[in-house]
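Asks: Sending over target.txt (compact mmCIF, C-alpha atoms).
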# COMPACT_ATOMS: atom_id res chain seq x y z
CA MET U 1 7.28 -22.99 17.88
CA TYR U 2 8.54 -22.12 14.40
CA ASP U 3 12.16 -21.76 13.31
CA LEU U 4 11.32 -18.50 11.60
CA ILE U 5 8.57 -15.92 11.32
CA ILE U 6 8.62 -13.59 8.31
CA ILE U 7 6.72 -10.36 8.87
CA GLY U 8 5.40 -8.88 5.62
CA ALA U 9 4.81 -10.23 2.12
CA GLY U 10 6.07 -7.57 -0.25
CA PRO U 11 9.00 -8.34 -2.56
CA SER U 12 11.43 -8.91 0.33
CA GLY U 13 9.09 -11.01 2.51
CA ILE U 14 7.99 -13.16 -0.42
CA THR U 15 11.57 -13.70 -1.60
CA ALA U 16 12.64 -14.61 1.94
CA ALA U 17 9.70 -17.06 2.08
CA VAL U 18 10.67 -18.71 -1.21
CA TYR U 19 14.24 -19.16 0.05
CA ALA U 20 13.01 -20.48 3.40
CA ALA U 21 10.73 -22.98 1.65
CA ARG U 22 13.62 -24.22 -0.48
CA LYS U 23 15.74 -24.59 2.66
CA LYS U 24 12.85 -26.60 4.14
CA MET U 25 12.66 -24.36 7.17
CA ASP U 26 9.69 -24.54 9.51
CA PHE U 27 8.28 -21.05 9.15
CA LEU U 28 5.25 -18.79 9.00
CA VAL U 29 4.48 -15.57 7.11
CA LEU U 30 2.39 -12.94 8.91
CA THR U 31 1.21 -10.07 6.75
CA GLU U 32 -1.44 -7.49 6.12
CA ASP U 33 -1.47 -8.07 2.36
CA ILE U 34 0.43 -9.75 -0.45
CA GLY U 35 2.61 -7.76 -2.82
CA GLY U 36 3.08 -4.72 -0.59
CA GLN U 37 3.80 -1.45 -2.33
CA THR U 38 4.56 -3.26 -5.61
CA VAL U 39 0.80 -3.57 -6.14
CA TRP U 40 0.52 0.21 -6.12
CA SER U 41 3.29 0.94 -8.62
CA SER U 42 1.73 1.73 -11.96
CA ASN U 43 4.53 0.55 -14.25
CA VAL U 44 7.77 -1.24 -13.46
CA GLU U 45 10.50 -1.05 -16.07
CA ASN U 46 13.58 -1.97 -14.04
CA TYR U 47 12.91 -5.46 -12.68
CA THR U 48 15.39 -7.68 -14.51
CA GLY U 49 13.72 -10.12 -16.85
CA TYR U 50 10.70 -7.90 -17.42
CA GLN U 51 11.25 -4.98 -19.74
CA PHE U 52 7.86 -3.66 -18.78
CA ILE U 53 5.30 -4.94 -16.30
CA ALA U 54 2.46 -3.37 -14.34
CA GLY U 55 3.06 -3.36 -10.58
CA ALA U 56 -0.12 -5.35 -9.92
CA GLU U 57 0.99 -7.99 -12.43
CA LEU U 58 4.48 -8.27 -10.95
CA ALA U 59 2.90 -8.68 -7.50
CA GLN U 60 0.71 -11.43 -8.98
CA LYS U 61 3.85 -13.18 -10.29
CA PHE U 62 5.42 -12.93 -6.82
CA GLU U 63 2.30 -14.46 -5.29
CA GLU U 64 2.23 -17.30 -7.85
CA HIS U 65 5.86 -18.04 -7.03
CA LEU U 66 5.06 -18.05 -3.30
CA ARG U 67 2.09 -20.41 -3.83
CA GLN U 68 4.33 -22.92 -5.64
CA TYR U 69 5.39 -24.03 -2.19
CA ASP U 70 3.33 -25.20 0.72
CA ILE U 71 3.89 -22.05 2.76
CA ALA U 72 1.80 -21.01 5.75
CA VAL U 73 0.76 -17.43 4.96
CA ARG U 74 -1.58 -15.58 7.30
CA GLU U 75 -2.99 -12.68 5.30
CA ASN U 76 -4.91 -9.83 7.02
CA GLU U 77 -2.74 -10.47 10.08
CA PRO U 78 -0.32 -7.58 10.48
CA VAL U 79 1.96 -7.96 13.49
CA ILE U 80 1.11 -5.52 16.26
CA SER U 81 3.95 -6.41 18.62
CA LEU U 82 7.18 -8.35 18.59
CA GLU U 83 8.74 -9.34 21.91
CA LYS U 84 11.59 -11.53 23.07
CA ASN U 85 11.05 -13.77 26.11
CA SER U 86 13.37 -16.45 27.46
CA GLY U 87 15.24 -16.87 24.22
CA PHE U 88 12.42 -16.95 21.68
CA PHE U 89 10.30 -14.37 19.88
CA THR U 90 6.58 -13.79 20.14
CA ALA U 91 4.84 -12.04 17.24
CA THR U 92 1.32 -10.96 18.15
CA THR U 93 -1.46 -10.14 15.69
CA ALA U 94 -5.08 -9.18 16.35
CA LYS U 95 -5.97 -12.89 16.07
CA ALA U 96 -3.20 -14.83 17.83
CA ALA U 97 0.37 -14.94 19.13
CA TYR U 98 3.07 -16.99 17.39
CA GLN U 99 6.49 -18.09 18.60
CA SER U 100 9.74 -18.54 16.73
CA ARG U 101 13.51 -18.79 17.17
CA ALA U 102 14.32 -16.18 14.52
CA VAL U 103 12.46 -13.35 12.79
CA ILE U 104 12.73 -11.48 9.51
CA ILE U 105 11.05 -8.09 9.52
CA ALA U 106 10.02 -7.12 5.99
CA SER U 107 7.04 -4.96 6.76
CA GLY U 108 7.78 -2.18 4.26
CA LYS U 109 6.48 1.34 4.24
CA ARG U 110 3.10 3.03 4.13
CA SER U 111 1.77 6.46 3.11
CA ARG U 112 2.54 9.25 5.51
CA GLU U 113 -0.57 10.90 6.91
CA LEU U 114 -1.25 14.64 7.16
CA LYS U 115 -2.43 14.38 10.77
CA VAL U 116 -5.01 17.15 10.46
CA PRO U 117 -8.68 17.22 11.48
CA GLY U 118 -10.92 15.59 8.90
CA GLU U 119 -8.26 13.27 7.49
CA LYS U 120 -9.54 10.10 9.18
CA GLU U 121 -13.24 10.92 8.75
CA PHE U 122 -12.93 11.58 5.03
CA ARG U 123 -10.58 8.76 4.12
CA ASN U 124 -12.19 7.11 1.07
CA ARG U 125 -14.85 9.79 1.24
CA GLY U 126 -12.95 12.06 -1.07
CA LEU U 127 -9.55 11.77 0.61
CA THR U 128 -7.20 9.16 -0.79
CA TYR U 129 -3.54 8.17 -0.75
CA CYS U 130 -3.62 6.50 -4.17
CA ALA U 131 -4.25 8.52 -7.32
CA THR U 132 -3.65 5.46 -9.49
CA CYS U 133 -6.50 3.63 -7.72
CA ASP U 134 -9.16 6.20 -7.10
CA GLY U 135 -8.23 9.02 -9.50
CA PRO U 136 -10.77 8.11 -12.21
CA LEU U 137 -13.67 8.48 -9.75
CA PHE U 138 -12.88 12.18 -9.56
CA SER U 139 -13.35 12.88 -13.24
CA GLY U 140 -15.07 16.25 -13.68
CA LYS U 141 -14.40 17.27 -10.07
CA VAL U 142 -12.11 19.97 -8.66
CA VAL U 143 -9.36 18.33 -6.61
CA ALA U 144 -6.27 19.13 -4.52
CA VAL U 145 -3.00 17.22 -4.37
CA VAL U 146 -1.01 17.70 -1.18
CA GLY U 147 2.75 17.29 -1.56
CA ASN U 148 5.67 18.35 -3.73
CA GLY U 149 7.72 15.26 -4.61
CA ASN U 150 7.50 12.84 -7.52
CA SER U 151 4.47 10.99 -6.23
CA ALA U 152 2.56 14.27 -5.86
CA LEU U 153 3.63 15.38 -9.35
CA ASP U 154 2.65 12.00 -10.78
CA ALA U 155 -0.79 12.27 -9.14
CA ALA U 156 -1.22 15.83 -10.43
CA LEU U 157 -0.30 14.80 -13.99
CA GLN U 158 -2.85 11.97 -13.89
CA LEU U 159 -5.53 14.30 -12.54
CA VAL U 160 -5.08 17.24 -14.94
CA ARG U 161 -6.34 14.94 -17.70
CA ILE U 162 -9.72 14.37 -16.04
CA SER U 163 -10.33 17.25 -13.67
CA PRO U 164 -11.33 20.85 -14.51
CA ARG U 165 -9.00 22.24 -11.82
CA VAL U 166 -6.14 20.67 -9.86
CA TYR U 167 -4.57 22.54 -6.95
CA ILE U 168 -1.15 21.40 -5.78
CA ILE U 169 -0.69 22.39 -2.17
CA ASN U 170 2.95 22.47 -1.30
CA ASP U 171 4.48 23.38 2.07
CA ILE U 172 7.79 24.65 0.65
CA SER U 173 8.63 27.50 -1.70
CA ALA U 174 8.82 25.54 -4.97
CA LEU U 175 7.96 22.10 -6.30
CA ALA U 176 10.56 19.42 -5.62
CA GLY U 177 10.77 16.16 -7.55
CA ASP U 178 11.97 15.69 -11.14
CA ALA U 179 12.28 18.99 -13.01
CA VAL U 180 10.68 17.49 -16.13
CA MET U 181 7.56 16.49 -14.19
CA ALA U 182 7.41 19.76 -12.25
CA GLU U 183 7.59 21.73 -15.53
CA LYS U 184 4.73 19.68 -16.98
CA VAL U 185 2.59 20.39 -13.92
CA ILE U 186 3.34 24.11 -14.03
CA ALA U 187 2.58 24.18 -17.78
CA ALA U 188 -0.82 22.49 -17.36
CA LYS U 189 -3.53 25.16 -17.87
CA ASN U 190 -5.87 23.66 -15.28
CA ALA U 191 -3.22 23.20 -12.57
CA ALA U 192 -2.50 25.77 -9.87
CA VAL U 193 0.46 25.41 -7.53
CA ILE U 194 0.03 26.93 -4.08
CA ASN U 195 3.44 27.20 -2.41
CA ASN U 196 4.33 27.76 1.25
CA ALA U 197 0.95 26.43 2.37
CA GLN U 198 0.34 24.15 5.37
CA VAL U 199 -2.83 22.11 5.23
CA THR U 200 -4.76 22.57 8.48
CA ALA U 201 -8.04 20.69 7.89
CA ILE U 202 -10.12 18.64 5.47
CA LEU U 203 -13.70 19.89 5.35
CA GLY U 204 -16.96 18.29 4.34
CA ASP U 205 -20.24 16.72 5.35
CA LYS U 206 -20.67 13.16 4.05
CA LEU U 207 -17.98 13.63 1.44
CA VAL U 208 -15.08 16.07 1.10
CA SER U 209 -16.13 19.60 0.14
CA GLY U 210 -13.04 21.66 0.85
CA ILE U 211 -9.50 21.99 2.15
CA ARG U 212 -8.20 24.57 4.59
CA PHE U 213 -4.60 25.69 4.66
CA LYS U 214 -2.44 28.37 6.19
CA ARG U 215 -0.33 30.64 4.02
CA ASN U 216 1.53 33.74 5.29
CA ASP U 217 -0.21 33.38 8.66
CA ARG U 218 -3.61 33.52 6.99
CA GLU U 219 -6.09 30.67 6.83
CA GLU U 220 -7.66 30.06 3.43
CA VAL U 221 -10.28 27.59 2.24
CA ILE U 222 -10.73 26.30 -1.28
CA PRO U 223 -13.70 24.16 -2.31
CA VAL U 224 -12.58 20.76 -3.64
CA GLU U 225 -14.30 17.38 -3.89
CA GLY U 226 -11.12 15.35 -3.78
CA VAL U 227 -7.91 15.45 -1.75
CA PHE U 228 -4.92 13.33 -2.78
CA VAL U 229 -2.33 13.03 -0.03
CA GLU U 230 1.13 12.38 -1.50
CA ILE U 231 3.60 13.40 1.20
CA GLY U 232 5.89 10.43 1.25
CA LEU U 233 6.20 7.15 3.08
CA ILE U 234 7.01 6.01 6.60
CA PRO U 235 8.37 2.62 7.70
CA ASN U 236 6.05 0.09 9.32
CA SER U 237 8.31 -0.39 12.31
CA ASP U 238 6.13 0.89 15.17
CA PHE U 239 5.40 -2.63 16.45
CA VAL U 240 9.01 -3.43 17.25
CA HIS U 241 11.14 -1.92 19.99
CA LEU U 242 13.78 -4.66 20.17
CA VAL U 243 15.93 -3.21 17.41
CA LYS U 244 17.85 -0.03 16.76
CA LYS U 245 16.22 2.39 14.28
CA ASN U 246 17.34 5.62 12.63
CA ASP U 247 15.60 9.00 12.94
CA LEU U 248 13.16 8.08 10.19
CA GLY U 249 12.15 4.90 12.03
CA GLU U 250 13.96 2.62 9.60
CA ILE U 251 15.47 -0.51 11.16
CA GLU U 252 19.26 -0.47 11.11
CA VAL U 253 20.77 -3.47 9.34
CA ASP U 254 24.30 -4.52 8.48
CA CYS U 255 25.34 -5.96 5.11
CA ARG U 256 24.04 -9.36 6.21
CA ASN U 257 20.64 -7.97 7.22
CA ALA U 258 21.30 -8.50 10.91
CA THR U 259 19.68 -5.95 13.23
CA SER U 260 20.92 -4.88 16.67
CA ALA U 261 18.93 -7.76 18.23
CA GLU U 262 20.34 -11.26 17.89
CA GLY U 263 18.03 -13.50 15.87
CA VAL U 264 16.16 -10.59 14.32
CA PHE U 265 16.87 -9.84 10.67
CA ALA U 266 15.26 -7.19 8.51
CA ALA U 267 14.94 -6.57 4.78
CA GLY U 268 13.54 -4.16 2.23
CA ASP U 269 11.99 -0.72 2.57
CA VAL U 270 11.53 -0.95 6.35
CA THR U 271 15.33 -0.95 6.76
CA THR U 272 18.18 1.51 6.35
CA VAL U 273 19.21 -0.17 3.08
CA PRO U 274 20.22 2.55 0.62
CA GLU U 275 17.70 2.85 -2.23
CA LYS U 276 14.13 1.63 -1.99
CA GLN U 277 13.53 -0.43 -5.11
CA ILE U 278 11.52 -3.58 -5.79
CA ILE U 279 14.54 -5.48 -7.05
CA ILE U 280 16.67 -4.36 -4.11
CA ALA U 281 13.96 -5.37 -1.62
CA ALA U 282 13.74 -8.81 -3.25
CA GLY U 283 17.52 -9.29 -3.06
CA GLU U 284 17.58 -8.14 0.56
CA GLY U 285 14.86 -10.69 1.37
CA ALA U 286 17.03 -13.45 -0.06
CA LYS U 287 20.04 -12.29 1.97
CA ALA U 288 18.01 -11.99 5.16
CA CYS U 289 16.71 -15.54 4.78
CA LEU U 290 20.17 -16.98 4.18
CA SER U 291 21.48 -15.11 7.23
CA ALA U 292 18.58 -16.40 9.35
CA PHE U 293 19.24 -19.92 8.06
CA ARG U 294 22.92 -19.69 9.04
CA TYR U 295 22.01 -18.20 12.41
CA LEU U 296 19.61 -21.07 13.18
CA ALA U 297 22.12 -23.69 11.97
CA SER U 298 24.89 -22.33 14.15
CA HIS U 299 22.81 -22.09 17.35
CA LYS U 300 21.56 -24.99 19.39
CA PHE U 301 17.94 -24.50 20.39
CA MET V 1 -24.59 -18.77 -5.58
CA ALA V 2 -25.69 -15.14 -5.56
CA SER V 3 -27.91 -14.08 -8.46
CA SER V 4 -26.57 -10.56 -9.02
CA ILE V 5 -22.88 -9.80 -8.71
CA LEU V 6 -21.79 -6.29 -9.68
CA VAL V 7 -18.23 -4.98 -9.63
CA TYR V 8 -17.48 -1.24 -9.79
CA SER V 9 -13.86 -0.78 -10.75
CA THR V 10 -11.30 1.10 -12.78
CA PRO V 11 -8.68 -0.42 -15.09
CA THR V 12 -5.81 1.19 -13.18
CA CYS V 13 -6.68 0.31 -9.60
CA PRO V 14 -4.50 -2.57 -8.39
CA HIS V 15 -7.06 -4.05 -6.02
CA CYS V 16 -9.63 -3.97 -8.84
CA VAL V 17 -7.25 -6.03 -10.98
CA ARG V 18 -6.70 -8.51 -8.14
CA LEU V 19 -10.41 -8.72 -7.37
CA LYS V 20 -11.30 -9.52 -10.98
CA GLN V 21 -8.48 -12.10 -11.16
CA PHE V 22 -9.77 -13.68 -7.96
CA LEU V 23 -13.34 -13.88 -9.30
CA ALA V 24 -12.13 -15.33 -12.61
CA GLU V 25 -10.03 -17.96 -10.80
CA ASN V 26 -13.08 -18.98 -8.79
CA LYS V 27 -15.26 -19.04 -11.93
CA VAL V 28 -17.63 -16.39 -10.60
CA ASP V 29 -19.72 -14.57 -13.25
CA PHE V 30 -20.04 -10.86 -12.62
CA VAL V 31 -21.01 -7.62 -14.32
CA ASN V 32 -18.15 -5.12 -14.34
CA TYR V 33 -18.75 -1.37 -14.49
CA ASP V 34 -15.68 0.65 -15.46
CA VAL V 35 -16.37 3.82 -13.48
CA SER V 36 -13.46 5.65 -15.11
CA VAL V 37 -15.58 5.94 -18.27
CA ASP V 38 -19.14 5.37 -17.01
CA ARG V 39 -20.06 8.60 -15.18
CA GLU V 40 -23.53 7.38 -14.31
CA LYS V 41 -22.21 4.23 -12.62
CA ALA V 42 -19.48 6.27 -10.91
CA ASN V 43 -22.13 8.44 -9.26
CA GLU V 44 -24.22 5.37 -8.51
CA VAL V 45 -21.40 3.66 -6.61
CA ILE V 46 -20.56 6.81 -4.63
CA LYS V 47 -24.23 7.13 -3.65
CA LYS V 48 -24.59 3.41 -2.89
CA SER V 49 -21.45 3.02 -0.81
CA GLY V 50 -21.22 6.55 0.63
CA GLN V 51 -17.53 6.62 -0.21
CA MET V 52 -15.20 7.22 -3.11
CA GLY V 53 -12.91 4.22 -3.33
CA VAL V 54 -12.90 1.29 -5.70
CA PRO V 55 -13.36 -1.62 -6.04
CA VAL V 56 -16.87 -1.99 -4.67
CA MET V 57 -18.83 -5.23 -5.03
CA ASP V 58 -22.58 -5.49 -4.83
CA ILE V 59 -23.61 -9.09 -4.16
CA ASP V 60 -27.41 -9.24 -4.13
CA GLY V 61 -27.46 -5.87 -2.39
CA GLN V 62 -24.65 -6.65 0.07
CA LEU V 63 -21.86 -4.13 -0.44
CA ILE V 64 -18.21 -5.04 -0.03
CA ILE V 65 -15.75 -2.17 -0.22
CA GLY V 66 -12.20 -2.97 -1.26
CA PHE V 67 -10.69 -6.36 -2.11
CA ASP V 68 -11.67 -8.14 1.09
CA LYS V 69 -11.09 -11.79 0.22
CA GLU V 70 -12.62 -13.22 3.39
CA LYS V 71 -15.85 -11.21 3.12
CA ILE V 72 -16.17 -11.99 -0.58
CA LYS V 73 -15.63 -15.70 0.05
CA SER V 74 -18.29 -15.84 2.72
CA ALA V 75 -20.78 -13.74 0.69
CA LEU V 76 -20.32 -16.02 -2.32
CA GLY V 77 -20.13 -19.23 -0.31
CA LEU V 78 -16.64 -20.07 -1.63
CA ALA V 79 -14.52 -22.50 0.35
Here is the file; what I need is its structure written in the form of structure tokens.
Replies:
Amino acid sequence: MYDLIIIGAGPSGITAAVYAARKKMDFLVLTEDIGGQTVWSSNVENYTGYQFIAGAELAQKFEEHLRQYDIAVRENEPVISLEKNSGFFTATTAKAAYQSRAVIIASGKRSRELKVPGEKEFRNRGLTYCATCDGPLFSGKVVAVVGNGNSALDAALQLVRISPRVYIINDISALAGDAVMAEKVIAAKNAAVINNAQVTAILGDKLVSGIRFKRNDREEVIPVEGVFVEIGLIPNSDFVHLVKKNDLGEIEVDCRNATSAEGVFAAGDVTTVPEKQIIIAAGEGAKACLSAFRYLASHKF
Amino acid sequence: MASSILVYSTPTCPHCVRLKQFLAENKVDFVNYDVSVDREKANEVIKKSGQMGVPVMDIDGQLIIGFDKEKIKSALGLA
């Protein structure tokens, strides 16, 4: 039985873990990966103390800080369920079940999926959720970006430099996101924006060969070798039913990071905290840990 | 230790950066192919792995897709 289980090791989970280590709490970190979404951010220019740092490098700094302490971190062990039984919590992963008196949920967000036929089959076979990672492999190939916000525009602007033709498939009537970025995309000679189009399937054999979408009640197919899905993020909160969530699935927290369930705290992008930022997630992780520490100190177990 | 260790990566992919850091920390010698500039190697890795994600490692013919620390450790015999 641990005092505390921290779920997730992005900026908020790692910061909570550093605070917990310094408070000499008996705790465990359960996580799929280390660094969370920070790893995927190309450049970070608003984390105090670093005028400019690549996301992967900042994540590396977080990990180094975490490893300064003798912290039990179980990587590749995302929590699949969190239950409360007779006063303590059980966090279950694919490998084992762990018990604790308090929990901090800092499981972050992940890419939203299209949920159309072909998406699962062609993942990493031409379909990707990360232009920064896999973009260069598509040099010389015709590609489609699905989405209309800043992440879609960012992907499109990376791809127009290496691809002969970039289609931006957008389900509303005009591009959203920053006007400056949208103008750049529209101005690119090799970019074509297709508005009011709903993607209905990803096509291919071994690798992606096309994308099908519906526009004005008509189905159309364009041949592409790459599909970049950039339609936003959803919170990793499916594994927990103990706590109140909003319509988006974000866990509701108060200003002390308490959730609706006693003993369960939450921090970072998985919560209703206004603004999803690395520095905010880190600060929230610190607050959540201090609240959990106070909670444990004030309850007899 | 394996005799041929190949890494197919790009400079911008975060897991590629972490993989190369991990190999350097463990003093593993490897040949890195930057598939963002090397078209031939880009096609080679797509053909070899049947997929289009990086990083891909080729350890004496054993392919490891992604930065999978546990698989890499066991393939390289690292503790």
Asks: Should the cut-off be 9 Å, what would the residue list for chain V against chain U look like, counting all atoms listed in the file, as a list in words?
Replies: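 Every residue of chain V that passes the 9 Å test is in Thr10, Pro11, Thr12, Cys13, Pro14, His15, Cys16, Val17, Arg18, Val35, Ser36, Val37, Arg39, Ala42, Asn43, Ile46, Gly50, Gln51, Met52, Gly53, Val54 and Pro55 of chain V.
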Asks: Keeping only C-alpha atoms, write the selected residues as a PDB file, keeping the file's coordinate frame.
Replies:
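Saved to selection.pdb:
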ATOM      1  CA  THR V  10     -11.300   1.100 -12.780  1.00  0.00           C
ATOM      2  CA  PRO V  11      -8.680  -0.420 -15.090  1.00  0.00           C
ATOM      3  CA  THR V  12      -5.810   1.190 -13.180  1.00  0.00           C
ATOM      4  CA  CYS V  13      -6.680   0.310  -9.600  1.00  0.00           C
ATOM      5  CA  PRO V  14      -4.500  -2.570  -8.390  1.00  0.00           C
ATOM      6  CA  HIS V  15      -7.060  -4.050  -6.020  1.00  0.00           C
ATOM      7  CA  CYS V  16      -9.630  -3.970  -8.840  1.00  0.00           C
ATOM      8  CA  VAL V  17      -7.250  -6.030 -10.980  1.00  0.00           C
ATOM      9  CA  ARG V  18      -6.700  -8.510  -8.140  1.00  0.00           C
ATOM     10  CA  VAL V  35     -16.370   3.820 -13.480  1.00  0.00           C
ATOM     11  CA  SER V  36     -13.460   5.650 -15.110  1.00  0.00           C
ATOM     12  CA  VAL V  37     -15.580   5.940 -18.270  1.00  0.00           C
ATOM     13  CA  ARG V  39     -20.060   8.600 -15.180  1.00  0.00           C
ATOM     14  CA  ALA V  42     -19.480   6.270 -10.910  1.00  0.00           C
ATOM     15  CA  ASN V  43     -22.130   8.440  -9.260  1.00  0.00           C
ATOM     16  CA  ILE V  46     -20.560   6.810  -4.630  1.00  0.00           C
ATOM     17  CA  GLY V  50     -21.220   6.550   0.630  1.00  0.00           C
ATOM     18  CA  GLN V  51     -17.530   6.620  -0.210  1.00  0.00           C
ATOM     19  CA  MET V  52     -15.200   7.220  -3.110  1.00  0.00           C
ATOM     20  CA  GLY V  53     -12.910   4.220  -3.330  1.00  0.00           C
ATOM     21  CA  VAL V  54     -12.900   1.290  -5.700  1.00  0.00           C
ATOM     22  CA  PRO V  55     -13.360  -1.620  -6.040  1.00  0.00           C
TER      23      PRO V  55
END
Asks: Just how far from CA of Asp34 in chain V is CA of Lys141 in chain U, in Å to one decimal?
Replies: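 So the answer is 17.5 Å.
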Asks: May I ask for the distance between CA of Val79 in chain U and CA of Ala9 in chain U, given in Å to one decimal place?
Replies: 11.9 Å
Asks: Tell me, in Å to one decimal, how far CA of Asn46 in chain U is from CA of Lys276 in chain U.
Replies: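 Result for CA of Asn46 in chain U versus CA of Lys276 in chain U: 12.6 Å, one decimal.
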Asks: Using all atoms listed in the file, determine which residues lie at most 12 Å from Ala79 in chain V, disregarding the query and same-chain residues fewer than 3 positions distant; provide the list as a ChimeraX atom specification.
Replies: /V:26,69-76
Asks: V:Asp68, V:Phe30, V:Val56, V:Glu25: which is nearest Ser4 in chain V, counting all atoms listed in the file?
Replies: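 So, comparing all the options, the nearest one is V:Phe30.
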Asks: Skip Phe239 in chain U itself and residues of its chain fewer than 5 positions away, then list as a PyMOL selection string all residues within 9 Å of it, counting only C-alpha atoms.
Replies: chain U and resi 79-82
Asks: Is it possible to get the axis-aligned box enclosing range 20-36 of chain U (all listed atoms, 5 Å extra per side) as JSON, with centre and edge lengths in Å rounded to one decimal?
Replies:
{"center_x": 7.1, "center_y": -15.7, "center_z": 3.3, "size_x": 27.2, "size_y": 31.9, "size_z": 22.3}
Asks: For Ala288 in chain U, please output as a list in words all residues within 8 Å (counting only C-alpha atoms; exclusion window: fewer than 6 positions along the same chain).
Replies: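 Result of the neighbour search: Ala16, Ile104, Arg256, Asn257, Ala258, Phe265, Ala266 and Ala267 of chain U.
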Asks: What's the 10 Å shell around Gly13 in chain U, counting all atoms listed in the file, without same-chain residues fewer than 6 positions away, as number ranges by chain?
Replies: U: 6-7, 19, 29-31, 34-36, 66, 104-108, 266-268, 281-282, 284-286, 288-289
Asks: Kindly export the residues of the current selection with C-alpha atoms, as a CSV table (one decimal), keeping the file's coordinate frame.
Replies:
chain,number,residue,atom,x,y,z
U,6,ILE,CA,8.6,-13.6,8.3
U,7,ILE,CA,6.7,-10.4,8.9
U,19,TYR,CA,14.2,-19.2,0.0
U,29,VAL,CA,4.5,-15.6,7.1
U,30,LEU,CA,2.4,-12.9,8.9
U,31,THR,CA,1.2,-10.1,6.8
U,34,ILE,CA,0.4,-9.8,-0.4
U,35,GLY,CA,2.6,-7.8,-2.8
U,36,GLY,CA,3.1,-4.7,-0.6
U,66,LEU,CA,5.1,-18.0,-3.3
U,104,ILE,CA,12.7,-11.5,9.5
U,105,ILE,CA,11.0,-8.1,9.5
U,106,ALA,CA,10.0,-7.1,6.0
U,107,SER,CA,7.0,-5.0,6.8
U,108,GLY,CA,7.8,-2.2,4.3
U,266,ALA,CA,15.3,-7.2,8.5
U,267,ALA,CA,14.9,-6.6,4.8
U,268,GLY,CA,13.5,-4.2,2.2
U,281,ALA,CA,14.0,-5.4,-1.6
U,282,ALA,CA,13.7,-8.8,-3.2
U,284,GLU,CA,17.6,-8.1,0.6
U,285,GLY,CA,14.9,-10.7,1.4
U,286,ALA,CA,17.0,-13.4,-0.1
U,288,ALA,CA,18.0,-12.0,5.2
U,289,CYS,CA,16.7,-15.5,4.8
Asks: When distances are computed from only C-alpha atoms, which of U:Leu242, U:Ser237, U:Gly283, U:Val227 shows the smallest separation from Cys255 in chain U?
Replies: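 Ranking U:Leu242, U:Ser237, U:Gly283, U:Val227 by distance to Cys255 in chain U, first place goes to U:Gly283.
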Asks: From the set V:Ser9, V:Ser49, V:Ser3, V:Gln21, which residue has the shortest atom-to-atom contact distance to Ile64 in chain V, counting only C-alpha atoms?
Replies: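 Of the candidates, the smallest distance to Ile64 in chain V is held by V:Ser49.
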